[in-house]
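Below is one structure, written out as structure tokens, with a few remarks after it.
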Amino acid sequence: MNTRRLATTGVALVAALGLLTGCGKQDGADTPAAGGSAASSSASVAPLDELTAAALKLGEDSVRVTITSSVVNGGGLLDPRTKATDMTLDMGSQGKVRMIAIGDDAWMKISGMAGAPKKWLHMDATKLGASGQMNLMPDGDPGGAKQMIKGVTEVERTGDHAFAGTLDYTKAKPDDKGIKALGAKAKAVPFTAKTDDQGRLIELVVDTSVLSPAAGKLKTTYTDFGAAVAPQKPPASQTQEAPEELIKAFGG
């Protein structure tokens, strides 16, 4: 098995979500970074506060996350309280990856890629660095929504429960080398968002075409709040330990 290729391709499937929604841990800040119009007038600060509160609510209950884009599609259920995850992401010709997490144990199954192991790859989630639950639920943040909000520089209401604004990925992920390589265009990425009547974030649409024309828009929706999340641990006979290259690729 070419573990280097496995690490690169497998993590690319997972990190597609993390990169485009701003997943990952940012040390030191529990409140969103804000600038531009969000910092200059109370009219703009109020929408930011509301959107921040909506993102924080995603850490209070289980939720179904659904991702739609030209790069990656799929989704599944996450429970930030129990650290349970069961998701599948499809990257077309690059293959699919199924991810299960139960507490501090995580498993990944890659299919549709030449040379991928037939067994589940087990990882100690505590060794995955800042990405935590395979970049899907850093610090109890399903889909990285709270982290994305930390990169908001401008936001305004566009209707009832509707928002539009701009993200600065360099603020959401200050230590990410890939983001830094994008330069100035990573500092002004358009987004829209929606909340429900309970003040929860239910939709994020990030226009990543400004980063890469082929990327298009990434849409993440949050539904089925309170749904049971009960992933099953893969049988030991169908499991092997993940290679070190894969652990390192997650930042471990």
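A note on labels: chains of the structure tokens are A, B, ... as shown, every chain counts residues from 1, and ligands are counted from 1 in their shown order.
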(Q) I'd like the neighbourhood of Phe163 of chain A as a ChimeraX atom specification, where a residue qualifies if any of its atoms comes within 7 Å (using only C-alpha atoms), though same-chain residues fewer than 6 positions away should be ignored. (A) /A:155-157,192-194
Would you write out those residues with all heavy atoms, as a compact mmCIF listing (two decimals), in the first residue's frame?
```txt
# COMPACT_ATOMS: atom_id res chain seq x y z
N VAL A 155 -20.84 41.55 7.72
CA VAL A 155 -22.08 40.79 7.63
C VAL A 155 -23.26 41.74 7.79
O VAL A 155 -23.19 42.71 8.53
CB VAL A 155 -22.13 39.67 8.70
CG1 VAL A 155 -22.07 40.25 10.11
CG2 VAL A 155 -23.38 38.79 8.52
N GLU A 156 -24.32 41.46 7.05
CA GLU A 156 -25.55 42.24 7.15
C GLU A 156 -26.74 41.32 6.99
O GLU A 156 -26.63 40.23 6.42
CB GLU A 156 -25.58 43.33 6.07
CG GLU A 156 -25.58 42.78 4.66
CD GLU A 156 -25.63 43.88 3.61
OE1 GLU A 156 -25.61 45.07 3.99
OE2 GLU A 156 -25.69 43.54 2.42
N ARG A 157 -27.87 41.76 7.50
CA ARG A 157 -29.11 40.99 7.31
C ARG A 157 -29.65 41.28 5.91
O ARG A 157 -29.65 42.41 5.47
CB ARG A 157 -30.15 41.39 8.34
CG ARG A 157 -29.85 40.91 9.74
CD ARG A 157 -31.06 41.11 10.64
NE ARG A 157 -30.76 40.75 12.01
CZ ARG A 157 -30.24 41.57 12.91
NH1 ARG A 157 -29.99 42.82 12.57
NH2 ARG A 157 -29.99 41.17 14.14
N THR A 192 -23.21 33.46 2.42
CA THR A 192 -24.56 33.74 2.89
C THR A 192 -24.88 32.72 3.97
O THR A 192 -24.27 31.65 4.04
CB THR A 192 -25.61 33.65 1.77
OG1 THR A 192 -25.61 32.32 1.22
CG2 THR A 192 -25.32 34.66 0.67
N ALA A 193 -25.84 33.05 4.82
CA ALA A 193 -26.20 32.15 5.91
C ALA A 193 -27.68 32.30 6.23
O ALA A 193 -28.27 33.36 5.97
CB ALA A 193 -25.35 32.44 7.14
N LYS A 194 -28.25 31.24 6.81
CA LYS A 194 -29.64 31.27 7.24
C LYS A 194 -29.75 30.64 8.63
O LYS A 194 -28.99 29.74 8.98
CB LYS A 194 -30.53 30.48 6.26
CG LYS A 194 -30.64 31.10 4.87
CD LYS A 194 -31.53 30.26 3.97
CE LYS A 194 -31.63 30.85 2.57
NZ LYS A 194 -32.48 30.01 1.68
```
Q | Contact residues around Gln198 of chain A with only C-alpha atoms at 12 Å, ignoring same-chain residues under 4 positions, as a list in words | A | Glu50, Ala53, Ala54, Ala55, Lys57, Leu58, His161, Lys194, Ile202 and Phe225 of chain A
(Q) So the first atom is atom CA of Leu167 of chain A and the second is atom CA of Val205 of chain A; what is the distance between them in Å, to one decimal place? (A) 11.3 Å
Q. Which of these, A:His122, A:Lys187, A:Arg200, A:Lys177, has the shortest distance to Met99 of chain A once you count only C-alpha atoms?
A.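 Using only C-alpha atoms, the shortest distance to Met99 of chain A belongs to A:His122.
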Q: Show which residues sit within 9 Å of Lys96 of chain A, as a list in words. Count only C-alpha atoms, and ignore same-chain residues fewer than 6 positions away.
A: Gly10, Leu13, Thr88, Leu89, Asp90, Lys109, Ile110, Ser111, Gly112 and Met113 of chain A
Keeping N, CA, C and O atoms for every residue in the selection just given, could you write it to a file as an mmCIF file, in the first residue's frame?
```
data_model
loop_
_atom_site.group_PDB
_atom_site.id
_atom_site.type_symbol
_atom_site.label_atom_id
_atom_site.label_comp_id
_atom_site.auth_asym_id
_atom_site.auth_seq_id
_atom_site.Cartn_x
_atom_site.Cartn_y
_atom_site.Cartn_z
ATOM 1 N N GLY A 10 -6.733 10.546 1.031
ATOM 2 C CA GLY A 10 -7.737 10.372 2.070
ATOM 3 C C GLY A 10 -7.999 11.646 2.827
ATOM 4 O O GLY A 10 -9.143 12.038 3.052
ATOM 5 N N LEU A 13 -9.993 14.312 0.934
ATOM 6 C CA LEU A 13 -11.433 14.145 0.990
ATOM 7 C C LEU A 13 -12.009 14.793 2.238
ATOM 8 O O LEU A 13 -13.021 15.487 2.196
ATOM 9 N N THR A 88 -20.176 10.270 5.493
ATOM 10 C CA THR A 88 -19.593 9.794 4.243
ATOM 11 C C THR A 88 -19.435 10.977 3.298
ATOM 12 O O THR A 88 -20.376 11.742 3.094
ATOM 13 N N LEU A 89 -18.235 11.128 2.739
ATOM 14 C CA LEU A 89 -17.962 12.196 1.782
ATOM 15 C C LEU A 89 -17.532 11.589 0.459
ATOM 16 O O LEU A 89 -16.745 10.645 0.423
ATOM 17 N N ASP A 90 -18.060 12.136 -0.626
ATOM 18 C CA ASP A 90 -17.798 11.642 -1.979
ATOM 19 C C ASP A 90 -17.074 12.723 -2.769
ATOM 20 O O ASP A 90 -17.573 13.837 -2.913
ATOM 21 N N LYS A 109 -12.672 4.646 6.288
ATOM 22 C CA LYS A 109 -12.702 3.622 5.243
ATOM 23 C C LYS A 109 -12.725 4.328 3.890
ATOM 24 O O LYS A 109 -13.643 5.091 3.584
ATOM 25 N N ILE A 110 -11.688 4.101 3.094
ATOM 26 C CA ILE A 110 -11.569 4.745 1.785
ATOM 27 C C ILE A 110 -11.920 3.745 0.703
ATOM 28 O O ILE A 110 -11.490 2.593 0.733
ATOM 29 N N SER A 111 -12.711 4.166 -0.256
ATOM 30 C CA SER A 111 -13.090 3.293 -1.375
ATOM 31 C C SER A 111 -12.998 4.073 -2.672
ATOM 32 O O SER A 111 -12.999 5.301 -2.681
ATOM 33 N N GLY A 112 -12.904 3.355 -3.779
ATOM 34 C CA GLY A 112 -12.847 4.006 -5.085
ATOM 35 C C GLY A 112 -11.502 4.587 -5.407
ATOM 36 O O GLY A 112 -11.388 5.411 -6.321
ATOM 37 N N MET A 113 -10.457 4.171 -4.674
ATOM 38 C CA MET A 113 -9.115 4.656 -4.926
ATOM 39 C C MET A 113 -8.174 3.467 -5.051
ATOM 40 O O MET A 113 -8.139 2.605 -4.161
#
```
Q.
as a list in words, please: every residue in segment 70-227 of chain A that DSSP puts in alpha helix (DSSP H).
A.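 Across segment 70-227 of chain A, those assigned alpha helix (DSSP H) are Ala145, Lys146, Gln147, Met148, Ile149, Tyr169, Thr170, Lys171, Ala172, Lys177, Gly178, Ile179, Lys180 and Ala181 of chain A.
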